[in-house]
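A.B. asks: Below you will find the structure I want to go over with you.
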Amino acid sequence: MTAPLLEIRGVSKRFTKRLDVAGKIARRLGSKIREETVHAVDAVDLNISPGEVLGLVGESGCGKSTLGRVVAGIHAASDGQVLYGGKDIATLSGAEKRAATLAIQMIFQDPFASLNPRMRVEDIIGEAPRVHGLISASDTSDYVDEVMGKVGLDPSLKRRYPHQFSGGQRQRIGIARALAVKPKFLVCDEAIAALDVSIQAQVINLFMDLREELGLTYLFISHDLSVVEHIADRVAIMYLGRIVESAPTEELFAAPKHPYTKALLAEAPRLDQRKRDFAPIEGEIPSPLDPPPGCHFNPRCPLARDDCRAQRPMLEAISPTRTAACHHWRET
Amino acid sequence: MSDVLEVVGLRTHFFTHAGVVKAVDGVDFTVRKGEVMGLVGESGSGKSITGFSILGLIDPPGRIVDGSIRFNGAEIASAPEPELQKLRGNRIAMIFQDPMMTLNPVLRVDTQMIEAILAHEDIPRQTAWERSRDALGLVGIPSPEERLRAYPHQLSGGMRQRVAIATAFLNRPDLIIADEPTTALDVTIQAQIIHEAQKLTRQTGTAMIWITHDLAVVAGLADTISVMYAGRIVEQGKTDDVIDRPLHPYTVGLLGSVPSANKRGQRLYQIEGMTPNMLAMPKGCAFAPRCRAAAPDCATAPEITKTDGRRLRCHHPQIAEAAT
């Protein structure tokens with residue numbers, strides 16, 4: 001196997017709500033008030049090979065966006081390392097660090113909130129490559145035309161502001177902005193969730209074209225299983241901060257091993273299922289402030305036993321290509 | 001089965017400074033007792049405004065300019081406000097996309113649910129409370145007594161939507177209009193909510209209009225499907241017919257753009273362009289500028305044609321391969 005382009009090693013991200021002055025005084029006086037910590041991402045290991053599309057699937061609050069942001073360098077990891085091309089990004093400095101950060105770009109969910117409404121499209125797209133010295137100021141205009149053409153936008157519209165574009169076009173502007181610094185790796189965080197069905201198809205096609213054309217590698221974060229099934233080579237399923245299963249897409253969809261993956265697949269609505277009886281799993285995602293002990297999925301799991309409540313199942317290889325974190329995966 | 005709702009030629013227009021927006025422009029459908037109709041369309045297609053029109057919830061500058069809405073045989077499109085108030089929440093209930101829109105954030109759940117009952121019935125408060133509790137139990141909320149004392153912000157999104165559904169079913173309505181009720185929810189919670197709604201319609205015979213942009217959801221839930229585009233219904237029929245044998249190029253395109261297992265890795269069918277500006281609608285068929293089958297005769301607007309219980313608004317029906 002080729003060396004991974006991006007390696008996530010034991011990455012955790014904790015958010016702590018600090019006590020304010022009143023809280024600190026109350027604690028001095030013997031109150032039980034304490035700092036609250038959310039384990040948004042809990043010791044995650046993932047490898048992504050060059051040219052691969054890894055789908056990261058989970059429900060809201062499972063930490064998938066936080067993990068994406070750690071990879072893109074927006075959040076610093078509390079623990080663990082993100083390695084790009086074999087080197088820990090956090091320890092790099094100077095030109096190497098800049099190259100690594102430019103190589104990883106992010107595309108956001110909401111094309112309405114992620115573009116500065118007061119900047120013209122040409123500045124949104126052209127600013128970063130100019131600041132980083134990838135192009136000279138005099139070349140900016142031509143370069144912006146070229147990038148806009150790549151994502152299917154009419155370059156003659158570059159003097160416009162974001163509000164003059166539709167949702168699908170705005171998402172293309174967001175993609176153009178990311179591509180402008182010539183990245184190798186794109187983190188797409190629910191990049192098509194806010195778009196209409198027919199526009200979703202256009203943007204999915206664009207992602208697949210760009211992948212071929214520019215040899216990009218993707219971390220494709222989504223809650224939509226059918227989209228991930230379509231675009232990803234490999235899928236990782238996340239639940240409450242932990243990866244519970246990862247496998248090549250076809251194998252995962254053909255035979256899910258983790259009970260949570262099974263439940264997700266069974267419940268995603270599909271076109272080919274008519275007048276079906278929806279038989280959902282019980283309960284909701286527990287609060288990440290107070291996760292259940294042992295396996296986080298145990299309160300909702302049909303297979304849960306005492307060992308699930310006592311001990312956290314570690315992610316183990318269940319075949320050469322697949323991993324799962326479940327004490328009882330053999331029974332599924 | 002008897003018709004609960006019959007909508008004929010409904011037109012709801014908005015008279016804005018920039019011009020007249022024909023949000024709903026000639027919509028017909030019927031919903032029978034115990035039937036679930038999926039009303040499918042993209043944003044701006046007028047599907048929500050259709051739902052609001054039935055309940056008489058259109059605010060100025062909008063107005064129902066034409067058409068008839070018959071509910072259990074009685075005309076309600078032009079009914080006076082007091083008549084509508086007797087229907088709303090009682091015989092016709094609505095579930096919104098955002099449960100925070102339905103629930104008052106400063107009132108406890110019990111206050112709101114009891115109020116919904118007492119507004120229509122003169123019964124003791126205690127009885128209303130018991131009915132609210134039972135309704136919460138029915139939609140799968142654990143320890144309903146406790147939840148009744150909670151404020152909406154103390155509940156999760158899924159729980160809030162359950163409360164909204166329980167409230168909608170409180171007075172055993174004949175019709176429920178659900179406007180994208182699961183769009184904001186996660187997959188597992190969405191399945192739970194659909195499950196509860198499905199169970200309740202089967203138990204009570206309540207008819208339902210399920211408004212959504214997600215064809216996959218209605219494929220598993222609805223008896224009939226109506227596809228809306230730019231204020232008009234372009235195709236209508238039984239769920240199996242519409243999804244397995246779509247006739248309108250727009251339906252064909254929508255189905256083709258849904259990713260599914262056997263299209264893995266291939267390019268998705270894409271509908272070029274975007275939905276038309278409602279202020280400057282193309283003449284003739286509104287879909288023609290994006291349509292692959294468009295021909296010169298598409299410059300005149302196609303009328304609805306009926307064949308084998310299906311209704312279609314297109315000059316050039318497609319006999320496409322099944323999109324699934």
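Residue names in the structure tokens use chain letters A, B, ... in the order shown, residue numbers from 1 in each chain, and ligand numbers from 1 in the order shown.
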Could you pull out all residues of segment 157-291 of chain A with a DSSP call of strand (DSSP E or B) and give them as a list in words?
C.D. replies: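 Filtering segment 157-291 of chain A down to strand (DSSP E or B) leaves Phe185, Leu186, Val187, Cys188, Asp189, Thr217, Tyr218, Leu219, Phe220, Ile221, Ser222, Arg234, Val235, Ala236, Ile237, Met238, Tyr239, Arg242, Ile243, Val244, Glu245, Ser246, Ala247 and Pro248 of chain A.
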A.B. asks: Using N, CA and C atoms, can you write the selected residues to a file as an mmCIF file, in the first residue's frame?
C.D. replies:
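Output (part-v3.cif):
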data_model
loop_
_atom_site.group_PDB
_atom_site.id
_atom_site.type_symbol
_atom_site.label_atom_id
_atom_site.label_comp_id
_atom_site.auth_asym_id
_atom_site.auth_seq_id
_atom_site.Cartn_x
_atom_site.Cartn_y
_atom_site.Cartn_z
ATOM 1 N N PHE A 185 -5.578 18.392 -0.789
ATOM 2 C CA PHE A 185 -6.493 17.683 0.097
ATOM 3 C C PHE A 185 -7.647 18.603 0.465
ATOM 4 N N LEU A 186 -8.885 18.148 0.234
ATOM 5 C CA LEU A 186 -10.043 18.976 0.560
ATOM 6 C C LEU A 186 -10.865 18.335 1.669
ATOM 7 N N VAL A 187 -11.192 19.130 2.676
ATOM 8 C CA VAL A 187 -12.128 18.695 3.707
ATOM 9 C C VAL A 187 -13.484 19.299 3.336
ATOM 10 N N CYS A 188 -14.436 18.449 2.975
ATOM 11 C CA CYS A 188 -15.761 18.946 2.603
ATOM 12 C C CYS A 188 -16.714 18.657 3.743
ATOM 13 N N ASP A 189 -17.094 19.695 4.457
ATOM 14 C CA ASP A 189 -17.931 19.490 5.631
ATOM 15 C C ASP A 189 -19.388 19.724 5.257
ATOM 16 N N THR A 217 -7.498 14.609 -3.058
ATOM 17 C CA THR A 217 -7.897 13.657 -2.037
ATOM 18 C C THR A 217 -8.951 14.350 -1.179
ATOM 19 N N TYR A 218 -10.005 13.611 -0.808
ATOM 20 C CA TYR A 218 -11.073 14.242 -0.046
ATOM 21 C C TYR A 218 -11.300 13.571 1.309
ATOM 22 N N LEU A 219 -11.606 14.400 2.303
ATOM 23 C CA LEU A 219 -12.290 13.905 3.490
ATOM 24 C C LEU A 219 -13.704 14.446 3.350
ATOM 25 N N PHE A 220 -14.635 13.563 3.047
ATOM 26 C CA PHE A 220 -15.980 14.002 2.702
ATOM 27 C C PHE A 220 -16.911 13.737 3.881
ATOM 28 N N ILE A 221 -17.232 14.792 4.616
ATOM 29 C CA ILE A 221 -18.027 14.652 5.830
ATOM 30 C C ILE A 221 -19.496 14.845 5.489
ATOM 31 N N SER A 222 -20.337 13.914 5.888
ATOM 32 C CA SER A 222 -21.752 14.035 5.561
ATOM 33 C C SER A 222 -22.595 13.189 6.498
ATOM 34 N N ARG A 234 -13.904 4.793 0.686
ATOM 35 C CA ARG A 234 -13.885 4.129 1.982
ATOM 36 C C ARG A 234 -14.746 4.989 2.904
ATOM 37 N N VAL A 235 -15.390 4.353 3.871
ATOM 38 C CA VAL A 235 -16.289 5.078 4.765
ATOM 39 C C VAL A 235 -15.895 4.815 6.207
ATOM 40 N N ALA A 236 -15.889 5.868 7.011
ATOM 41 C CA ALA A 236 -15.716 5.719 8.450
ATOM 42 C C ALA A 236 -16.979 6.235 9.129
ATOM 43 N N ILE A 237 -17.489 5.463 10.069
ATOM 44 C CA ILE A 237 -18.712 5.847 10.777
ATOM 45 C C ILE A 237 -18.325 6.335 12.169
ATOM 46 N N MET A 238 -18.860 7.472 12.548
ATOM 47 C CA MET A 238 -18.482 8.075 13.818
ATOM 48 C C MET A 238 -19.694 8.142 14.729
ATOM 49 N N TYR A 239 -19.508 7.881 15.987
ATOM 50 C CA TYR A 239 -20.590 7.999 16.962
ATOM 51 C C TYR A 239 -20.041 8.583 18.244
ATOM 52 N N ARG A 242 -16.176 8.976 18.561
ATOM 53 C CA ARG A 242 -15.296 7.850 18.246
ATOM 54 C C ARG A 242 -15.665 7.243 16.898
ATOM 55 N N ILE A 243 -14.637 6.716 16.224
ATOM 56 C CA ILE A 243 -14.903 5.949 15.013
ATOM 57 C C ILE A 243 -15.379 4.568 15.455
ATOM 58 N N VAL A 244 -16.537 4.132 14.969
ATOM 59 C CA VAL A 244 -17.021 2.818 15.363
ATOM 60 C C VAL A 244 -16.783 1.765 14.284
ATOM 61 N N GLU A 245 -16.645 2.212 13.039
ATOM 62 C CA GLU A 245 -16.389 1.231 11.982
ATOM 63 C C GLU A 245 -15.801 1.940 10.783
ATOM 64 N N SER A 246 -14.878 1.275 10.091
ATOM 65 C CA SER A 246 -14.443 1.810 8.811
ATOM 66 C C SER A 246 -14.189 0.651 7.859
ATOM 67 N N ALA A 247 -14.533 0.864 6.592
ATOM 68 C CA ALA A 247 -14.415 -0.209 5.612
ATOM 69 C C ALA A 247 -14.523 0.379 4.223
ATOM 70 N N PRO A 248 -14.044 -0.359 3.199
ATOM 71 C CA PRO A 248 -14.299 0.071 1.830
ATOM 72 C C PRO A 248 -15.810 0.182 1.614
#
A.B. asks: Using only C-alpha atoms, which chain B residues lie at most 7 Å away from chain A, written as a ChimeraX atom specification?
C.D. replies: /B:42-43,186-188,191-192,194-195,215-217,219-222,254,257,259-261,264-265,267-268,270-271,324
A.B. asks: Any chance you can output those residues with C-alpha atoms as a PDB file, in the first residue's frame?
C.D. replies:
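This went into out.pdb:
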ATOM      1  CA  GLU B  42     -37.426  22.010  -4.524  1.00  0.00           C
ATOM      2  CA  SER B  43     -37.190  25.222  -2.579  1.00  0.00           C
ATOM      3  CA  ASP B 186     -30.767  13.076  12.050  1.00  0.00           C
ATOM      4  CA  VAL B 187     -31.280   9.830  10.167  1.00  0.00           C
ATOM      5  CA  THR B 188     -32.103   7.675  13.187  1.00  0.00           C
ATOM      6  CA  ALA B 191     -36.813   7.166  11.050  1.00  0.00           C
ATOM      7  CA  GLN B 192     -38.375   7.337  14.515  1.00  0.00           C
ATOM      8  CA  ILE B 194     -41.705   8.757  10.325  1.00  0.00           C
ATOM      9  CA  HIS B 195     -42.440   5.578  12.237  1.00  0.00           C
ATOM     10  CA  LEU B 215     -38.006  11.728  -2.754  1.00  0.00           C
ATOM     11  CA  ALA B 216     -36.468   8.870  -0.803  1.00  0.00           C
ATOM     12  CA  VAL B 217     -38.515   9.741   2.287  1.00  0.00           C
ATOM     13  CA  ALA B 219     -41.008   6.667  -1.510  1.00  0.00           C
ATOM     14  CA  GLY B 220     -41.190   4.690   1.711  1.00  0.00           C
ATOM     15  CA  LEU B 221     -44.105   6.537   3.253  1.00  0.00           C
ATOM     16  CA  ALA B 222     -46.602   7.946   0.769  1.00  0.00           C
ATOM     17  CA  LEU B 254     -34.995  14.509  -9.909  1.00  0.00           C
ATOM     18  CA  SER B 257     -30.001  13.017  -9.422  1.00  0.00           C
ATOM     19  CA  PRO B 259     -27.405   8.967  -5.622  1.00  0.00           C
ATOM     20  CA  SER B 260     -28.027   5.269  -5.139  1.00  0.00           C
ATOM     21  CA  ALA B 261     -26.046   2.083  -4.920  1.00  0.00           C
ATOM     22  CA  ARG B 264     -21.887   4.367  -7.537  1.00  0.00           C
ATOM     23  CA  GLY B 265     -18.968   6.385  -8.837  1.00  0.00           C
ATOM     24  CA  ARG B 267     -21.739  10.890 -12.898  1.00  0.00           C
ATOM     25  CA  LEU B 268     -25.192  11.738 -11.666  1.00  0.00           C
ATOM     26  CA  GLN B 270     -27.962  16.563 -13.590  1.00  0.00           C
ATOM     27  CA  ILE B 271     -30.687  19.024 -14.354  1.00  0.00           C
ATOM     28  CA  THR B 324     -33.686   3.441  -9.196  1.00  0.00           C
TER      29      THR B 324
END
A.B. asks: Taking the DSSP secondary structure from the backbone, can you list the residues of segment 149-294 of chain B that are alpha helix (DSSP H), as a PyMOL selection string?
C.D. replies: chain B and resi 157-169+187-204+215-221+239-244+249-256
A.B. asks: Rank A:Phe15, A:Tyr143, A:Tyr161, A:Tyr84 by their smallest atom-to-atom distance to Ala3 of chain A, using only C-alpha atoms, and report the top residue only.
C.D. replies: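 Closest residue, counting only C-alpha atoms: A:Tyr84.
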A.B. asks: So the first atom is atom CA of Asp59 of chain B and the second is atom CA of Val21 of chain B; what is the distance between them in Å, to one decimal place?
C.D. replies: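 So the answer is 13.7 Å.
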A.B. asks: Skipping near chain neighbours, those fewer than 4 positions away, what residues fall within 6 Å of segment 125-137 of chain B using only C-alpha atoms, listed as a list of chain:residue names?
C.D. replies: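 The filter keeps B:Ile114, B:Ile141, B:Pro144, B:Ala166.
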A.B. asks: I'd like the contact shell of Gly68 of chain A - 12 Å cut-off, only C-alpha atoms, skipping same-chain residues fewer than 4 positions apart - returned as a compact mmCIF listing (two decimals) with C-alpha atoms, in the first residue's frame.
C.D. replies:
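Once written, selection.txt looks like this:
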# COMPACT_ATOMS: atom_id res chain seq x y z
CA ILE A 8 -4.68 11.12 11.98
CA VAL A 11 -6.51 12.86 17.81
CA SER A 12 -8.76 14.16 20.57
CA LYS A 13 -10.46 17.50 20.86
CA ALA A 40 -16.00 16.18 20.84
CA VAL A 41 -13.39 13.90 19.31
CA VAL A 44 -9.47 8.97 16.56
CA LEU A 46 -7.60 7.47 10.43
CA LEU A 54 -12.85 8.99 2.63
CA GLY A 55 -16.46 9.47 3.68
CA LEU A 56 -16.96 10.38 7.32
CA VAL A 57 -20.52 9.71 8.39
CA CYS A 62 -20.92 13.08 16.82
CA GLY A 63 -17.82 15.22 16.32
CA LYS A 64 -17.36 14.74 12.57
CA ALA A 72 -7.95 21.62 8.28
CA GLY A 73 -6.04 23.35 11.05
CA ILE A 74 -8.95 25.50 12.24
CA HIS A 75 -8.88 23.85 15.67
CA ALA A 76 -5.73 22.63 17.37
CA ALA A 77 -5.98 19.05 18.57
CA VAL A 82 -2.21 15.14 12.24
CA ILE A 104 -5.30 21.24 3.06
CA GLN A 105 -8.36 23.35 2.35
CA MET A 106 -11.89 23.26 3.62
CA ILE A 107 -15.32 23.68 2.04
CA PHE A 108 -18.12 24.57 4.38
CA GLN A 109 -21.75 23.59 4.63
CA PHE A 185 -6.49 17.68 0.10
CA LEU A 186 -10.04 18.98 0.56
CA VAL A 187 -12.13 18.69 3.71
CA CYS A 188 -15.76 18.95 2.60
CA ASP A 189 -17.93 19.49 5.63
CA GLU A 190 -21.55 18.76 4.65
CA ALA A 191 -20.71 20.65 1.49
CA TYR A 218 -11.07 14.24 -0.05
CA LEU A 219 -12.29 13.90 3.49
CA PHE A 220 -15.98 14.00 2.70
CA ILE A 221 -18.03 14.65 5.83
CA SER A 222 -21.75 14.04 5.56
A.B. asks: So that I can check the surroundings of segment 202-210 of chain B, please list as a ChimeraX atom specification every protein, DNA and RNA residue that reaches within 6 Å of it, counting only C-alpha atoms and ignoring chain neighbours fewer than 5 positions away.
C.D. replies: /B:33-39,174-178
A.B. asks: Just to be explicit: take each residue in the selection above, keep C-alpha atoms, and write the result as a CSV table (one decimal), in the first residue's frame.
C.D. replies:
chain,number,residue,atom,x,y,z
B,33,LYS,CA,-59.2,9.2,4.4
B,34,GLY,CA,-56.1,7.5,5.8
B,35,GLU,CA,-54.0,8.3,2.8
B,36,VAL,CA,-50.6,9.8,2.8
B,37,MET,CA,-49.8,12.2,-0.1
B,38,GLY,CA,-46.2,13.2,-0.7
B,39,LEU,CA,-45.9,16.7,-2.0
B,174,ASP,CA,-59.0,14.4,9.8
B,175,LEU,CA,-56.0,15.9,8.0
B,176,ILE,CA,-52.4,16.7,9.0
B,177,ILE,CA,-50.2,18.8,6.9
B,178,ALA,CA,-46.5,18.1,7.6
A.B. asks: What does the distance between atom CA of Val7 of chain B and atom CA of Lys199 of chain B come to in Å, to one decimal place?
C.D. replies: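 One can read the atom CA of Val7 of chain B to atom CA of Lys199 of chain B distance as 25.9 Å.
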A.B. asks: Just the residues within 6 Å of Gly10 of chain A, please, counting only C-alpha atoms, with nothing from its chain fewer than 5 positions along; format it as a VMD selection string.
C.D. replies: chain A and resid 43 to 45 80
A.B. asks: Can you spit out the residues from that selection as a JSON list (two decimals), in the first residue's frame, using N, CA and C atoms?
C.D. replies:
[["chain", "number", "residue", "atom", "x", "y", "z"],
["A", 43, "ALA", "N", -9.79, 10.30, 20.71],
["A", 43, "ALA", "CA", -8.75, 9.37, 20.26],
["A", 43, "ALA", "C", -9.08, 8.70, 18.93],
["A", 44, "VAL", "N", -9.13, 9.50, 17.88],
["A", 44, "VAL", "CA", -9.47, 8.97, 16.56],
["A", 44, "VAL", "C", -8.20, 8.70, 15.74],
["A", 45, "ASP", "N", -8.16, 7.53, 15.12],
["A", 45, "ASP", "CA", -7.09, 7.19, 14.18],
["A", 45, "ASP", "C", -7.70, 7.00, 12.80],
["A", 80, "GLY", "N", -2.82, 14.11, 20.35],
["A", 80, "GLY", "CA", -2.63, 13.41, 19.09],
["A", 80, "GLY", "C", -2.03, 14.30, 18.01]]
A.B. asks: For Ile304 of chain B, find every residue with an atom within 8 Å (counting only C-alpha atoms), except residues of its own chain fewer than 2 positions away, and show them as JSON, numbers by chain.
C.D. replies: {"B": [234, 302, 306, 311, 312, 313, 314]}
A.B. asks: Store the residues picked out above, limited to N, CA and C atoms, as a PDB file, in the first residue's frame.
C.D. replies:
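Dumped to result-v1.pdb:
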ATOM      1  N   VAL B 234     -46.611  19.101 -11.691  1.00  0.00           N
ATOM      2  CA  VAL B 234     -46.254  18.655 -13.032  1.00  0.00           C
ATOM      3  C   VAL B 234     -46.532  17.173 -13.233  1.00  0.00           C
ATOM      4  N   PRO B 302     -48.350  23.531 -21.142  1.00  0.00           N
ATOM      5  CA  PRO B 302     -49.116  22.294 -21.276  1.00  0.00           C
ATOM      6  C   PRO B 302     -50.240  22.227 -20.241  1.00  0.00           C
ATOM      7  N   LYS B 306     -54.857  13.366 -18.150  1.00  0.00           N
ATOM      8  CA  LYS B 306     -55.091  12.246 -17.247  1.00  0.00           C
ATOM      9  C   LYS B 306     -55.035  10.942 -18.010  1.00  0.00           C
ATOM     10  N   ARG B 311     -51.765  11.940 -13.534  1.00  0.00           N
ATOM     11  CA  ARG B 311     -51.951  13.249 -14.129  1.00  0.00           C
ATOM     12  C   ARG B 311     -50.594  13.823 -14.464  1.00  0.00           C
ATOM     13  N   LEU B 312     -50.510  14.493 -15.592  1.00  0.00           N
ATOM     14  CA  LEU B 312     -49.228  14.922 -16.093  1.00  0.00           C
ATOM     15  C   LEU B 312     -49.377  16.258 -16.795  1.00  0.00           C
ATOM     16  N   ARG B 313     -48.380  17.104 -16.661  1.00  0.00           N
ATOM     17  CA  ARG B 313     -48.413  18.398 -17.337  1.00  0.00           C
ATOM     18  C   ARG B 313     -47.176  18.494 -18.211  1.00  0.00           C
ATOM     19  N   CYS B 314     -47.238  17.891 -19.396  1.00  0.00           N
ATOM     20  CA  CYS B 314     -46.075  17.901 -20.271  1.00  0.00           C
ATOM     21  C   CYS B 314     -46.481  17.543 -21.694  1.00  0.00           C
TER      22      CYS B 314
END
A.B. asks: Please compute the atom CA of Arg172 of chain B-atom CA of Asp223 of chain B distance, one decimal, in Å.
C.D. replies: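 Distance reported for this atom pair: 20.5 Å.
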A.B. asks: Which residue out of A:Arg14, A:Cys326, A:Ala317, A:Gly126 has the minimum interatomic distance to Arg305 of chain A when only C-alpha atoms are used?
C.D. replies: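 Of the candidates, the smallest distance to Arg305 of chain A is held by A:Cys326.
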